[in-house]
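For reference, the structure discussed in these notes is given below.
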Amino acid sequence: MKIFTVAANLQQYLTELATTKTIGFVPTMGALHSGHISLIDISKSTNNITVCSIFVNPAQFNNSADFEKYPITTEADIEVLKEAGCDVLFLPSVAEMYPSDTKDDKIYELGFLEHVFEGKYRPGHFKGVCKAVHRLLDIVICHNVYIGQKDYQQCMVIKKLAEIIDIKVNIIVCPTLRAANGLALSSRNQRLSTIGKEKAALIYQCMEFIQQHLKSGNLTMLKQSAQIALTNDGFKIDYFEIVHANTLSVVDVWDGDSKLVCIVAAYLEDVRLIDNLPLN
Ligand code: PAF
């Protein structure tokens with residue numbers, strides 16, 4: 001596996017390769033787990049070359065304590081990527097990613113995405129995601145980008161960003177990987193205790209309960225029963241909602257037809273967990 005830390009070198013290397021090879025790109029913040037590796041595998045199955053980036057992006061942490069606690073496991077990540085057969089790793093410093101002073105931060109018009117759910121609870125978060133992903137897409141010349149559905153709203157944001165910056169890459173949303181008990185794999189799970197990891201599966205169980213009991217008509221009671229179960233078990237909920245899959249608008253009364261997704265953000269043991277489940 002080739003490792004690049006200098007943006008211009010990687011950009012030049014990939015520009016040449018891209019004329020004859022298809023390139024798949026998996027952007028990450030490291031602390032890699034099987035969910036990330038599944039993205040590498042999917043990329044490898046359809047591209048000649050797979051590039052992964054590891055950059056813990058300070059611009060997307062609205063909470064500095066969260067940034068400081070974010071797990072960094074670079075040495076282990078490199079070994080995992082080599083074993084997965086990743087071809088290229090981009091491992092930039094903050095100075096390499098954001099070389100000039102950031103006073104001239106670009107404005108990305110993300111519309112409603114910026115104001116609801118993750119946008120609302122993590123002000124500035126998606127602006128920071130766009131800043132990193134825009135820069136990465138300038139450097140990592142590629143045809144296909146692979147991102148995980150676990151970050152449902154982020155997937156919408158990255159698709160919107162690709163539209164805004166008018167970049168010709170395919171954004172491919174890949175399924176969420178789960179532990180045997182249903183807990184969505186996430187780098188943040190490392191901060192949960194063993195008991196916490198067991199308990200956190202309740203998020204998935206609640207979403208599954210909703211999926212199994214979904215009927216057209218009023219959804220309020222169904223949603224509330226899940227919210228109560230989580231709260232009673234010690235979760236601090238930011239949101240637990242049933243929303244339209246494309247607009248993220250809350251659905252209290254369902255017509256039995258439109259595409260729904262259950263989206264959740266909740267704290268357990270001071271760790272903020274997010275998850276989602278398409279319901280129909
Ligand atoms: O999902 C992530 O790991 C990050 O938000 C991303 C897409 C790599 C941007 O920093």
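Residues in the structure tokens are named by chain (A, B, ... in the order shown) and by number from 1 within that chain; ligands are numbered from 1 in the order shown.
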- Per DSSP on the backbone, filter range 46-243 of chain A down to the residues in strand (DSSP E or B) and report them as number ranges by chain. A: 49-54, 88-90, 144-148, 170-174, 178, 184, 217-218, 236-243
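Pocket residues of ligand 1, taken as those with any atom at most 6 Å away using only C-alpha atoms and all ligand atoms, are A:Pro27, A:Thr28, A:Met29, A:Asn57, A:Val129, A:Ala132, A:Val133.
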Need the shell around range 270-278 of chain A: protein/DNA/RNA residues with any atom at most 8 Å away, counting only C-alpha atoms. Skip same-chain ones fewer than 3 positions apart. Format as an mmCIF file with N, CA and C atoms, in the first residue's frame?
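Everything below was put into selection-v3.cif:
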```cif
data_model
loop_
_atom_site.group_PDB
_atom_site.id
_atom_site.type_symbol
_atom_site.label_atom_id
_atom_site.label_comp_id
_atom_site.auth_asym_id
_atom_site.auth_seq_id
_atom_site.Cartn_x
_atom_site.Cartn_y
_atom_site.Cartn_z
ATOM 1 N N LYS A 150 -24.945 4.484 7.602
ATOM 2 C CA LYS A 150 -25.156 4.764 9.034
ATOM 3 C C LYS A 150 -25.303 6.262 9.255
ATOM 4 N N ASP A 151 -24.539 7.049 8.487
ATOM 5 C CA ASP A 151 -24.656 8.509 8.575
ATOM 6 C C ASP A 151 -25.634 8.971 7.497
ATOM 7 N N TYR A 152 -26.902 8.692 7.725
ATOM 8 C CA TYR A 152 -27.930 8.882 6.692
ATOM 9 C C TYR A 152 -27.943 10.319 6.153
ATOM 10 N N ALA A 184 -25.075 -0.667 15.492
ATOM 11 C CA ALA A 184 -24.388 -0.231 14.268
ATOM 12 C C ALA A 184 -22.913 -0.019 14.566
ATOM 13 N N ARG A 188 -17.067 5.405 17.411
ATOM 14 C CA ARG A 188 -17.420 5.889 18.756
ATOM 15 C C ARG A 188 -17.755 4.756 19.723
ATOM 16 N N ASN A 189 -18.111 3.573 19.192
ATOM 17 C CA ASN A 189 -18.454 2.441 20.083
ATOM 18 C C ASN A 189 -17.281 2.075 20.989
ATOM 19 N N ARG A 191 -15.707 3.835 22.782
ATOM 20 C CA ARG A 191 -15.784 4.565 24.056
ATOM 21 C C ARG A 191 -16.859 4.017 24.987
ATOM 22 N N LEU A 192 -17.607 3.015 24.523
ATOM 23 C CA LEU A 192 -18.643 2.410 25.383
ATOM 24 C C LEU A 192 -18.032 1.281 26.217
ATOM 25 N N ILE A 203 -31.187 0.610 20.675
ATOM 26 C CA ILE A 203 -31.521 1.570 19.598
ATOM 27 C C ILE A 203 -32.028 0.795 18.381
ATOM 28 N N TYR A 204 -31.277 -0.231 17.998
ATOM 29 C CA TYR A 204 -31.677 -1.020 16.821
ATOM 30 C C TYR A 204 -32.980 -1.769 17.090
ATOM 31 N N MET A 207 -35.881 0.495 16.633
ATOM 32 C CA MET A 207 -36.171 0.792 15.222
ATOM 33 C C MET A 207 -36.818 -0.424 14.544
ATOM 34 N N GLU A 208 -36.322 -1.606 14.904
ATOM 35 C CA GLU A 208 -36.896 -2.842 14.340
ATOM 36 C C GLU A 208 -38.348 -3.006 14.774
ATOM 37 N N ALA A 245 -38.037 9.629 3.712
ATOM 38 C CA ALA A 245 -36.665 9.240 3.358
ATOM 39 C C ALA A 245 -35.926 10.319 2.577
ATOM 40 N N LYS A 259 -41.941 6.579 1.260
ATOM 41 C CA LYS A 259 -40.760 5.910 1.824
ATOM 42 C C LYS A 259 -40.360 6.557 3.153
ATOM 43 N N LEU A 260 -40.247 5.724 4.174
ATOM 44 C CA LEU A 260 -39.937 6.238 5.512
ATOM 45 C C LEU A 260 -38.603 5.705 6.001
ATOM 46 N N VAL A 261 -37.991 6.495 6.877
ATOM 47 C CA VAL A 261 -36.794 6.021 7.566
ATOM 48 C C VAL A 261 -36.889 6.448 9.025
ATOM 49 N N CYS A 262 -36.455 5.576 9.900
ATOM 50 C CA CYS A 262 -36.411 5.912 11.319
ATOM 51 C C CYS A 262 -34.992 6.416 11.594
ATOM 52 N N ILE A 263 -34.879 7.593 12.186
ATOM 53 C CA ILE A 263 -33.544 8.148 12.459
ATOM 54 C C ILE A 263 -33.410 8.452 13.952
ATOM 55 N N VAL A 264 -32.226 8.186 14.471
ATOM 56 C CA VAL A 264 -32.018 8.296 15.921
ATOM 57 C C VAL A 264 -30.669 8.924 16.232
ATOM 58 N N ALA A 265 -30.645 9.784 17.252
ATOM 59 C CA ALA A 265 -29.380 10.190 17.883
ATOM 60 C C ALA A 265 -29.641 10.182 19.376
ATOM 61 N N ALA A 266 -28.807 9.468 20.130
ATOM 62 C CA ALA A 266 -29.015 9.392 21.573
ATOM 63 C C ALA A 266 -27.676 9.170 22.266
ATOM 64 N N TYR A 267 -27.591 9.703 23.464
ATOM 65 C CA TYR A 267 -26.378 9.516 24.261
ATOM 66 C C TYR A 267 -26.525 8.318 25.180
#
```
- Item | Å distance separating CA of Asp166 in chain A from CA of Lys2 in chain A, one decimal place | 28.8 Å
- Note on the structure: Among A:Asp255, A:Glu83, A:Glu269, A:Glu241, Thr194 in chain A is approached most closely, using only C-alpha atoms, by A:Glu269
- May I have the residues within 8 Å of His213 in chain A as a list in words, using only C-alpha atoms and disregarding those fewer than 3 positions away in the same chain? Phe209, Ile210 and Leu222 of chain A
- Message: Under the rule that only C-alpha atoms are counted, which of A:Ser43, A:Asn170, A:His125, A:Ala7 is the nearest residue to Met97 in chain A?
- Response: A:Ala7
As a PDB file with N, CA and C atoms, in the first residue's frame, please: all residues of range 110-239 of chain A that backbone DSSP puts in alpha helix (DSSP H).
```
ATOM      1  N   GLU A 118     -29.223  16.231  12.590  1.00  0.00           N
ATOM      2  CA  GLU A 118     -27.791  16.441  12.840  1.00  0.00           C
ATOM      3  C   GLU A 118     -27.405  17.906  12.610  1.00  0.00           C
ATOM      4  N   GLY A 119     -28.034  18.533  11.631  1.00  0.00           N
ATOM      5  CA  GLY A 119     -27.750  19.937  11.340  1.00  0.00           C
ATOM      6  C   GLY A 119     -28.116  20.819  12.522  1.00  0.00           C
ATOM      7  N   LYS A 120     -29.234  20.486  13.158  1.00  0.00           N
ATOM      8  CA  LYS A 120     -29.727  21.290  14.281  1.00  0.00           C
ATOM      9  C   LYS A 120     -28.927  21.002  15.565  1.00  0.00           C
ATOM     10  N   TYR A 121     -28.701  19.726  15.833  1.00  0.00           N
ATOM     11  CA  TYR A 121     -28.033  19.369  17.089  1.00  0.00           C
ATOM     12  C   TYR A 121     -26.525  19.562  17.048  1.00  0.00           C
ATOM     13  N   HIS A 125     -21.616  21.426  11.894  1.00  0.00           N
ATOM     14  CA  HIS A 125     -21.040  20.104  11.594  1.00  0.00           C
ATOM     15  C   HIS A 125     -20.974  19.841  10.089  1.00  0.00           C
ATOM     16  N   PHE A 126     -22.077  20.049   9.395  1.00  0.00           N
ATOM     17  CA  PHE A 126     -22.091  19.715   7.966  1.00  0.00           C
ATOM     18  C   PHE A 126     -21.254  20.687   7.137  1.00  0.00           C
ATOM     19  N   LYS A 127     -21.149  21.913   7.630  1.00  0.00           N
ATOM     20  CA  LYS A 127     -20.255  22.872   6.968  1.00  0.00           C
ATOM     21  C   LYS A 127     -18.825  22.289   7.019  1.00  0.00           C
ATOM     22  N   GLY A 128     -18.468  21.750   8.174  1.00  0.00           N
ATOM     23  CA  GLY A 128     -17.142  21.152   8.356  1.00  0.00           C
ATOM     24  C   GLY A 128     -16.959  19.893   7.523  1.00  0.00           C
ATOM     25  N   VAL A 129     -18.025  19.085   7.432  1.00  0.00           N
ATOM     26  CA  VAL A 129     -17.954  17.876   6.590  1.00  0.00           C
ATOM     27  C   VAL A 129     -17.713  18.304   5.139  1.00  0.00           C
ATOM     28  N   CYS A 130     -18.457  19.315   4.687  1.00  0.00           N
ATOM     29  CA  CYS A 130     -18.319  19.778   3.297  1.00  0.00           C
ATOM     30  C   CYS A 130     -16.925  20.317   3.044  1.00  0.00           C
ATOM     31  N   LYS A 131     -16.404  21.038   4.023  1.00  0.00           N
ATOM     32  CA  LYS A 131     -15.062  21.606   3.862  1.00  0.00           C
ATOM     33  C   LYS A 131     -14.040  20.484   3.623  1.00  0.00           C
ATOM     34  N   ALA A 132     -14.118  19.424   4.443  1.00  0.00           N
ATOM     35  CA  ALA A 132     -13.162  18.314   4.311  1.00  0.00           C
ATOM     36  C   ALA A 132     -13.403  17.532   3.022  1.00  0.00           C
ATOM     37  N   VAL A 133     -14.658  17.211   2.755  1.00  0.00           N
ATOM     38  CA  VAL A 133     -14.940  16.347   1.598  1.00  0.00           C
ATOM     39  C   VAL A 133     -14.642  17.091   0.293  1.00  0.00           C
ATOM     40  N   HIS A 134     -14.947  18.385   0.250  1.00  0.00           N
ATOM     41  CA  HIS A 134     -14.635  19.170  -0.959  1.00  0.00           C
ATOM     42  C   HIS A 134     -13.131  19.141  -1.228  1.00  0.00           C
ATOM     43  N   ARG A 135     -12.363  19.394  -0.176  1.00  0.00           N
ATOM     44  CA  ARG A 135     -10.891  19.387  -0.325  1.00  0.00           C
ATOM     45  C   ARG A 135     -10.411  17.981  -0.725  1.00  0.00           C
ATOM     46  N   LEU A 136     -10.974  16.957  -0.078  1.00  0.00           N
ATOM     47  CA  LEU A 136     -10.551  15.581  -0.406  1.00  0.00           C
ATOM     48  C   LEU A 136     -10.860  15.260  -1.863  1.00  0.00           C
ATOM     49  N   LEU A 137     -12.050  15.691  -2.327  1.00  0.00           N
ATOM     50  CA  LEU A 137     -12.414  15.374  -3.714  1.00  0.00           C
ATOM     51  C   LEU A 137     -11.557  16.134  -4.721  1.00  0.00           C
ATOM     52  N   ASP A 138     -11.001  17.274  -4.301  1.00  0.00           N
ATOM     53  CA  ASP A 138     -10.061  17.986  -5.174  1.00  0.00           C
ATOM     54  C   ASP A 138      -8.740  17.217  -5.277  1.00  0.00           C
ATOM     55  N   ILE A 139      -8.364  16.590  -4.190  1.00  0.00           N
ATOM     56  CA  ILE A 139      -7.053  15.916  -4.144  1.00  0.00           C
ATOM     57  C   ILE A 139      -7.141  14.480  -4.657  1.00  0.00           C
ATOM     58  N   TYR A 152     -26.902   8.692   7.725  1.00  0.00           N
ATOM     59  CA  TYR A 152     -27.930   8.882   6.692  1.00  0.00           C
ATOM     60  C   TYR A 152     -27.943  10.319   6.153  1.00  0.00           C
ATOM     61  N   GLN A 153     -27.967  11.256   7.091  1.00  0.00           N
ATOM     62  CA  GLN A 153     -28.076  12.660   6.674  1.00  0.00           C
ATOM     63  C   GLN A 153     -26.766  13.120   6.018  1.00  0.00           C
ATOM     64  N   GLN A 154     -25.650  12.609   6.517  1.00  0.00           N
ATOM     65  CA  GLN A 154     -24.355  12.949   5.894  1.00  0.00           C
ATOM     66  C   GLN A 154     -24.324  12.469   4.439  1.00  0.00           C
ATOM     67  N   CYS A 155     -24.915  11.305   4.187  1.00  0.00           N
ATOM     68  CA  CYS A 155     -24.956  10.814   2.803  1.00  0.00           C
ATOM     69  C   CYS A 155     -25.703  11.812   1.925  1.00  0.00           C
ATOM     70  N   MET A 156     -26.819  12.350   2.455  1.00  0.00           N
ATOM     71  CA  MET A 156     -27.580  13.339   1.684  1.00  0.00           C
ATOM     72  C   MET A 156     -26.735  14.594   1.463  1.00  0.00           C
ATOM     73  N   VAL A 157     -26.004  14.984   2.508  1.00  0.00           N
ATOM     74  CA  VAL A 157     -25.168  16.188   2.422  1.00  0.00           C
ATOM     75  C   VAL A 157     -24.065  16.003   1.381  1.00  0.00           C
ATOM     76  N   ILE A 158     -23.423  14.852   1.378  1.00  0.00           N
ATOM     77  CA  ILE A 158     -22.307  14.631   0.442  1.00  0.00           C
ATOM     78  C   ILE A 158     -22.826  14.587  -0.993  1.00  0.00           C
ATOM     79  N   LYS A 159     -24.014  14.015  -1.198  1.00  0.00           N
ATOM     80  CA  LYS A 159     -24.603  14.027  -2.549  1.00  0.00           C
ATOM     81  C   LYS A 159     -24.905  15.461  -2.981  1.00  0.00           C
ATOM     82  N   LYS A 160     -25.431  16.228  -2.040  1.00  0.00           N
ATOM     83  CA  LYS A 160     -25.746  17.635  -2.330  1.00  0.00           C
ATOM     84  C   LYS A 160     -24.460  18.411  -2.638  1.00  0.00           C
ATOM     85  N   LEU A 161     -23.414  18.146  -1.862  1.00  0.00           N
ATOM     86  CA  LEU A 161     -22.125  18.811  -2.090  1.00  0.00           C
ATOM     87  C   LEU A 161     -21.605  18.507  -3.498  1.00  0.00           C
ATOM     88  N   ALA A 162     -21.700  17.240  -3.892  1.00  0.00           N
ATOM     89  CA  ALA A 162     -21.206  16.844  -5.222  1.00  0.00           C
ATOM     90  C   ALA A 162     -21.950  17.635  -6.305  1.00  0.00           C
ATOM     91  N   GLU A 163     -23.248  17.870  -6.042  1.00  0.00           N
ATOM     92  CA  GLU A 163     -24.064  18.656  -6.971  1.00  0.00           C
ATOM     93  C   GLU A 163     -23.583  20.114  -6.991  1.00  0.00           C
ATOM     94  N   ILE A 164     -23.399  20.663  -5.785  1.00  0.00           N
ATOM     95  CA  ILE A 164     -23.020  22.082  -5.663  1.00  0.00           C
ATOM     96  C   ILE A 164     -21.681  22.348  -6.342  1.00  0.00           C
ATOM     97  N   THR A 194     -18.300  -2.480  28.139  1.00  0.00           N
ATOM     98  CA  THR A 194     -18.856  -3.745  27.625  1.00  0.00           C
ATOM     99  C   THR A 194     -20.362  -3.771  27.851  1.00  0.00           C
ATOM    100  N   ILE A 195     -20.781  -3.331  29.025  1.00  0.00           N
ATOM    101  CA  ILE A 195     -22.232  -3.304  29.307  1.00  0.00           C
ATOM    102  C   ILE A 195     -22.918  -2.305  28.380  1.00  0.00           C
ATOM    103  N   GLY A 196     -22.260  -1.159  28.158  1.00  0.00           N
ATOM    104  CA  GLY A 196     -22.805  -0.130  27.264  1.00  0.00           C
ATOM    105  C   GLY A 196     -23.028  -0.670  25.858  1.00  0.00           C
ATOM    106  N   LYS A 197     -22.074  -1.465  25.393  1.00  0.00           N
ATOM    107  CA  LYS A 197     -22.192  -2.020  24.033  1.00  0.00           C
ATOM    108  C   LYS A 197     -23.404  -2.934  23.932  1.00  0.00           C
ATOM    109  N   GLU A 198     -23.680  -3.669  25.000  1.00  0.00           N
ATOM    110  CA  GLU A 198     -24.869  -4.537  25.009  1.00  0.00           C
ATOM    111  C   GLU A 198     -26.134  -3.684  25.032  1.00  0.00           C
ATOM    112  N   LYS A 199     -26.113  -2.704  25.948  1.00  0.00           N
ATOM    113  CA  LYS A 199     -27.284  -1.853  26.137  1.00  0.00           C
ATOM    114  C   LYS A 199     -27.618  -1.054  24.871  1.00  0.00           C
ATOM    115  N   LEU A 202     -30.281  -1.545  22.093  1.00  0.00           N
ATOM    116  CA  LEU A 202     -31.700  -1.186  22.222  1.00  0.00           C
ATOM    117  C   LEU A 202     -32.125  -0.192  21.125  1.00  0.00           C
ATOM    118  N   ILE A 203     -31.187   0.610  20.675  1.00  0.00           N
ATOM    119  CA  ILE A 203     -31.521   1.570  19.598  1.00  0.00           C
ATOM    120  C   ILE A 203     -32.028   0.795  18.381  1.00  0.00           C
ATOM    121  N   TYR A 204     -31.277  -0.231  17.998  1.00  0.00           N
ATOM    122  CA  TYR A 204     -31.677  -1.020  16.821  1.00  0.00           C
ATOM    123  C   TYR A 204     -32.980  -1.769  17.090  1.00  0.00           C
ATOM    124  N   GLN A 205     -33.082  -2.320  18.314  1.00  0.00           N
ATOM    125  CA  GLN A 205     -34.307  -3.074  18.646  1.00  0.00           C
ATOM    126  C   GLN A 205     -35.540  -2.167  18.551  1.00  0.00           C
ATOM    127  N   CYS A 206     -35.393  -0.925  18.992  1.00  0.00           N
ATOM    128  CA  CYS A 206     -36.531   0.011  18.931  1.00  0.00           C
ATOM    129  C   CYS A 206     -36.896   0.323  17.477  1.00  0.00           C
ATOM    130  N   MET A 207     -35.881   0.495  16.633  1.00  0.00           N
ATOM    131  CA  MET A 207     -36.171   0.792  15.222  1.00  0.00           C
ATOM    132  C   MET A 207     -36.818  -0.424  14.544  1.00  0.00           C
ATOM    133  N   GLU A 208     -36.322  -1.606  14.904  1.00  0.00           N
ATOM    134  CA  GLU A 208     -36.896  -2.842  14.340  1.00  0.00           C
ATOM    135  C   GLU A 208     -38.348  -3.006  14.774  1.00  0.00           C
ATOM    136  N   PHE A 209     -38.619  -2.675  16.058  1.00  0.00           N
ATOM    137  CA  PHE A 209     -39.979  -2.748  16.594  1.00  0.00           C
ATOM    138  C   PHE A 209     -40.908  -1.860  15.754  1.00  0.00           C
ATOM    139  N   ILE A 210     -40.415  -0.673  15.445  1.00  0.00           N
ATOM    140  CA  ILE A 210     -41.204   0.260  14.631  1.00  0.00           C
ATOM    141  C   ILE A 210     -41.434  -0.324  13.241  1.00  0.00           C
ATOM    142  N   GLN A 211     -40.393  -0.884  12.681  1.00  0.00           N
ATOM    143  CA  GLN A 211     -40.518  -1.477  11.338  1.00  0.00           C
ATOM    144  C   GLN A 211     -41.564  -2.598  11.338  1.00  0.00           C
ATOM    145  N   GLN A 212     -41.506  -3.422  12.383  1.00  0.00           N
ATOM    146  CA  GLN A 212     -42.421  -4.574  12.431  1.00  0.00           C
ATOM    147  C   GLN A 212     -43.875  -4.164  12.675  1.00  0.00           C
ATOM    148  N   HIS A 213     -44.071  -3.033  13.372  1.00  0.00           N
ATOM    149  CA  HIS A 213     -45.439  -2.632  13.730  1.00  0.00           C
ATOM    150  C   HIS A 213     -45.967  -1.489  12.878  1.00  0.00           C
ATOM    151  N   THR A 220     -47.804   8.246  16.041  1.00  0.00           N
ATOM    152  CA  THR A 220     -47.290   8.905  17.246  1.00  0.00           C
ATOM    153  C   THR A 220     -47.072   7.930  18.403  1.00  0.00           C
ATOM    154  N   MET A 221     -48.052   7.053  18.633  1.00  0.00           N
ATOM    155  CA  MET A 221     -47.940   6.118  19.773  1.00  0.00           C
ATOM    156  C   MET A 221     -46.756   5.169  19.589  1.00  0.00           C
ATOM    157  N   LEU A 222     -46.616   4.706  18.349  1.00  0.00           N
ATOM    158  CA  LEU A 222     -45.530   3.776  18.028  1.00  0.00           C
ATOM    159  C   LEU A 222     -44.178   4.433  18.322  1.00  0.00           C
ATOM    160  N   LYS A 223     -44.054   5.659  17.866  1.00  0.00           N
ATOM    161  CA  LYS A 223     -42.806   6.402  18.053  1.00  0.00           C
ATOM    162  C   LYS A 223     -42.565   6.659  19.538  1.00  0.00           C
ATOM    163  N   GLN A 224     -43.638   7.043  20.235  1.00  0.00           N
ATOM    164  CA  GLN A 224     -43.484   7.354  21.660  1.00  0.00           C
ATOM    165  C   GLN A 224     -43.074   6.125  22.463  1.00  0.00           C
ATOM    166  N   SER A 225     -43.607   4.960  22.094  1.00  0.00           N
ATOM    167  CA  SER A 225     -43.259   3.750  22.859  1.00  0.00           C
ATOM    168  C   SER A 225     -41.759   3.485  22.764  1.00  0.00           C
ATOM    169  N   ALA A 226     -41.180   3.739  21.603  1.00  0.00           N
ATOM    170  CA  ALA A 226     -39.730   3.548  21.433  1.00  0.00           C
ATOM    171  C   ALA A 226     -38.961   4.603  22.225  1.00  0.00           C
ATOM    172  N   GLN A 227     -39.446   5.833  22.167  1.00  0.00           N
ATOM    173  CA  GLN A 227     -38.757   6.921  22.893  1.00  0.00           C
ATOM    174  C   GLN A 227     -38.761   6.636  24.394  1.00  0.00           C
ATOM    175  N   ILE A 228     -39.892   6.132  24.897  1.00  0.00           N
ATOM    176  CA  ILE A 228     -40.004   5.833  26.333  1.00  0.00           C
ATOM    177  C   ILE A 228     -39.069   4.680  26.706  1.00  0.00           C
ATOM    178  N   ALA A 229     -39.029   3.645  25.865  1.00  0.00           N
ATOM    179  CA  ALA A 229     -38.163   2.491  26.163  1.00  0.00           C
ATOM    180  C   ALA A 229     -36.709   2.936  26.268  1.00  0.00           C
ATOM    181  N   LEU A 230     -36.281   3.798  25.370  1.00  0.00           N
ATOM    182  CA  LEU A 230     -34.884   4.260  25.388  1.00  0.00           C
ATOM    183  C   LEU A 230     -34.607   5.125  26.614  1.00  0.00           C
ATOM    184  N   THR A 231     -35.519   6.044  26.881  1.00  0.00           N
ATOM    185  CA  THR A 231     -35.329   6.941  28.031  1.00  0.00           C
ATOM    186  C   THR A 231     -35.293   6.138  29.324  1.00  0.00           C
ATOM    187  N   ASN A 232     -36.209   5.165  29.462  1.00  0.00           N
ATOM    188  CA  ASN A 232     -36.252   4.343  30.689  1.00  0.00           C
ATOM    189  C   ASN A 232     -34.970   3.542  30.870  1.00  0.00           C
TER     190      ASN A 232
END
```
- Message: Nearest residue to Leu183 in chain A out of A:Phe240, A:Pro58, A:Gly35, A:Ala8, using only C-alpha atoms?
- Response: A:Gly35
- Message: Quick one: residues within 12 Å of Thr74 in chain A, only C-alpha atoms, excluding same-chain residues fewer than 4 positions away - as a PyMOL selection string?
- Response: chain A and resi 28-32+53-56+78-81+89-92
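In this model, the gap between CA of Ile165 in chain A and CA of Glu109 in chain A comes to 10.7 Å.
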